[in-house]
Amino acid sequence: MPIPKPKSGENKSTFVSRCKSEISGEYPTDQSLAICISTWDNEKFASYPWSKCIEDQQNRGYSVKTAERICGWIRAKNQ
């Protein structure tokens with residue numbers, strides 16, 4: 001069975017619960033939890049615009065250079 005994808009408007013908690021129940025027969029509980037959380041994070045950040053990422057990091061108090069490093073890591077992780 002393929003790993004489920006988040007549905008439009010679904011929050012993280014709801015998605016992870018649904019995902020875990022859908023794949024529970026294929027993976028141990030701890031592994032299914034990790035798979036579902038990673039799937040949520042990958043889907044969430046896959047469409048994170050660079051300029052929005054930089055802005056968000058600067059709003060958290062990071063310098064432009066640090067923001068670029070964080071956003072670069074997010075981008076690399078999701079490619």
# chains A, B, ... in the order shown; residues from 1 in each chain; ligands from 1
$ residues_around --residues "region 9-24 of chain A" --least-positions-apart "3" --cutoff "7 Å" --atoms "only C-alpha atoms" --output "list in words"
Pro4, Pro6, Tyr27, Pro28, Thr29, Ser32, Leu33, Cys36, Ile37 and Trp40 of chain A
$ residues_around --residues "Trp50 (chain A)" --least-positions-apart "2" --cutoff "12 Å" --atoms "only C-alpha atoms" --output "list of chain:residue names"
A:Phe45, A:Ala46, A:Ser47, A:Tyr48, A:Lys52, A:Cys53, A:Ile54, A:Glu55, A:Asp56, A:Gln57, A:Ala67, A:Glu68, A:Arg69, A:Ile70, A:Cys71, A:Gly72, A:Trp73, A:Ile74, A:Arg75, A:Ala76
$ atom_distance --atom1 "CA of Gly25 (chain A)" --atom2 "CA of Met1 (chain A)"
9.8 Å
$ select_by_dssp --residues "chain A" --states "alpha helix (DSSP H)" --output "number ranges by chain"
A: 12-23, 29-46, 50-59, 64-77
$ decode --residues "region 30-68 of chain A" --atoms "N, CA and C atoms" --output "compact mmCIF listing (two decimals), in the first residue's frame"
# COMPACT_ATOMS: atom_id res chain seq x y z
N ASP A 30 6.23 2.48 15.90
CA ASP A 30 7.20 3.57 15.90
C ASP A 30 7.64 3.95 14.49
N GLN A 31 7.77 2.96 13.64
CA GLN A 31 8.18 3.23 12.26
C GLN A 31 7.05 3.92 11.49
N SER A 32 5.82 3.49 11.69
CA SER A 32 4.70 4.13 10.99
C SER A 32 4.56 5.59 11.44
N LEU A 33 4.78 5.86 12.71
CA LEU A 33 4.73 7.24 13.21
C LEU A 33 5.78 8.09 12.51
N ALA A 34 7.00 7.59 12.44
CA ALA A 34 8.09 8.33 11.78
C ALA A 34 7.79 8.56 10.30
N ILE A 35 7.28 7.56 9.64
CA ILE A 35 6.94 7.69 8.22
C ILE A 35 5.88 8.76 8.02
N CYS A 36 4.86 8.74 8.84
CA CYS A 36 3.75 9.69 8.68
C CYS A 36 4.17 11.12 9.00
N ILE A 37 4.97 11.30 10.05
CA ILE A 37 5.46 12.65 10.38
C ILE A 37 6.37 13.16 9.27
N SER A 38 7.26 12.32 8.76
CA SER A 38 8.15 12.73 7.66
C SER A 38 7.36 13.08 6.41
N THR A 39 6.33 12.30 6.13
CA THR A 39 5.50 12.58 4.96
C THR A 39 4.82 13.93 5.11
N TRP A 40 4.28 14.21 6.30
CA TRP A 40 3.65 15.52 6.55
C TRP A 40 4.66 16.65 6.33
N ASP A 41 5.84 16.52 6.94
CA ASP A 41 6.85 17.58 6.83
C ASP A 41 7.29 17.77 5.39
N ASN A 42 7.51 16.70 4.67
CA ASN A 42 7.94 16.81 3.27
C ASN A 42 6.89 17.49 2.41
N GLU A 43 5.63 17.14 2.61
CA GLU A 43 4.56 17.76 1.83
C GLU A 43 4.41 19.23 2.19
N LYS A 44 4.53 19.53 3.47
CA LYS A 44 4.35 20.91 3.93
C LYS A 44 5.43 21.83 3.37
N PHE A 45 6.67 21.38 3.40
CA PHE A 45 7.77 22.24 2.98
C PHE A 45 8.09 22.16 1.50
N ALA A 46 7.52 21.22 0.80
CA ALA A 46 7.80 21.08 -0.63
C ALA A 46 7.38 22.32 -1.40
N SER A 47 6.35 22.99 -0.96
CA SER A 47 5.85 24.17 -1.67
C SER A 47 6.15 25.46 -0.91
N TYR A 48 7.13 25.45 -0.03
CA TYR A 48 7.48 26.62 0.78
C TYR A 48 8.31 27.57 -0.07
N PRO A 49 7.73 28.71 -0.47
CA PRO A 49 8.47 29.64 -1.33
C PRO A 49 9.72 30.20 -0.62
N TRP A 50 10.79 30.35 -1.38
CA TRP A 50 12.06 30.83 -0.84
C TRP A 50 11.89 32.16 -0.12
N SER A 51 11.23 33.10 -0.74
CA SER A 51 11.09 34.43 -0.13
C SER A 51 10.29 34.36 1.18
N LYS A 52 9.28 33.51 1.22
CA LYS A 52 8.48 33.34 2.44
C LYS A 52 9.32 32.69 3.53
N CYS A 53 10.14 31.73 3.16
CA CYS A 53 11.02 31.07 4.11
C CYS A 53 11.99 32.08 4.72
N ILE A 54 12.63 32.88 3.88
CA ILE A 54 13.58 33.90 4.36
C ILE A 54 12.87 34.86 5.30
N GLU A 55 11.69 35.33 4.89
CA GLU A 55 10.92 36.25 5.71
C GLU A 55 10.57 35.63 7.07
N ASP A 56 10.11 34.39 7.05
CA ASP A 56 9.74 33.71 8.29
C ASP A 56 10.94 33.58 9.23
N GLN A 57 12.10 33.23 8.68
CA GLN A 57 13.29 33.06 9.51
C GLN A 57 13.75 34.40 10.09
N GLN A 58 13.68 35.45 9.29
CA GLN A 58 14.05 36.78 9.79
C GLN A 58 13.08 37.24 10.87
N ASN A 59 11.81 36.91 10.71
CA ASN A 59 10.82 37.25 11.75
C ASN A 59 11.10 36.51 13.05
N ARG A 60 11.82 35.40 12.96
CA ARG A 60 12.21 34.64 14.15
C ARG A 60 13.50 35.18 14.76
N GLY A 61 14.06 36.21 14.11
CA GLY A 61 15.25 36.86 14.66
C GLY A 61 16.56 36.46 14.04
N TYR A 62 16.53 35.64 12.98
CA TYR A 62 17.77 35.21 12.34
C TYR A 62 18.25 36.24 11.34
N SER A 63 19.56 36.28 11.14
CA SER A 63 20.14 37.16 10.12
C SER A 63 19.81 36.60 8.74
N VAL A 64 20.03 37.40 7.71
CA VAL A 64 19.77 36.95 6.34
C VAL A 64 20.63 35.72 6.03
N LYS A 65 21.89 35.77 6.43
CA LYS A 65 22.80 34.65 6.15
C LYS A 65 22.30 33.36 6.82
N THR A 66 21.90 33.45 8.07
CA THR A 66 21.39 32.27 8.77
C THR A 66 20.08 31.81 8.16
N ALA A 67 19.21 32.76 7.81
CA ALA A 67 17.93 32.42 7.17
C ALA A 67 18.17 31.66 5.87
N GLU A 68 19.15 32.11 5.09
CA GLU A 68 19.48 31.43 3.83
C GLU A 68 19.98 30.00 4.08
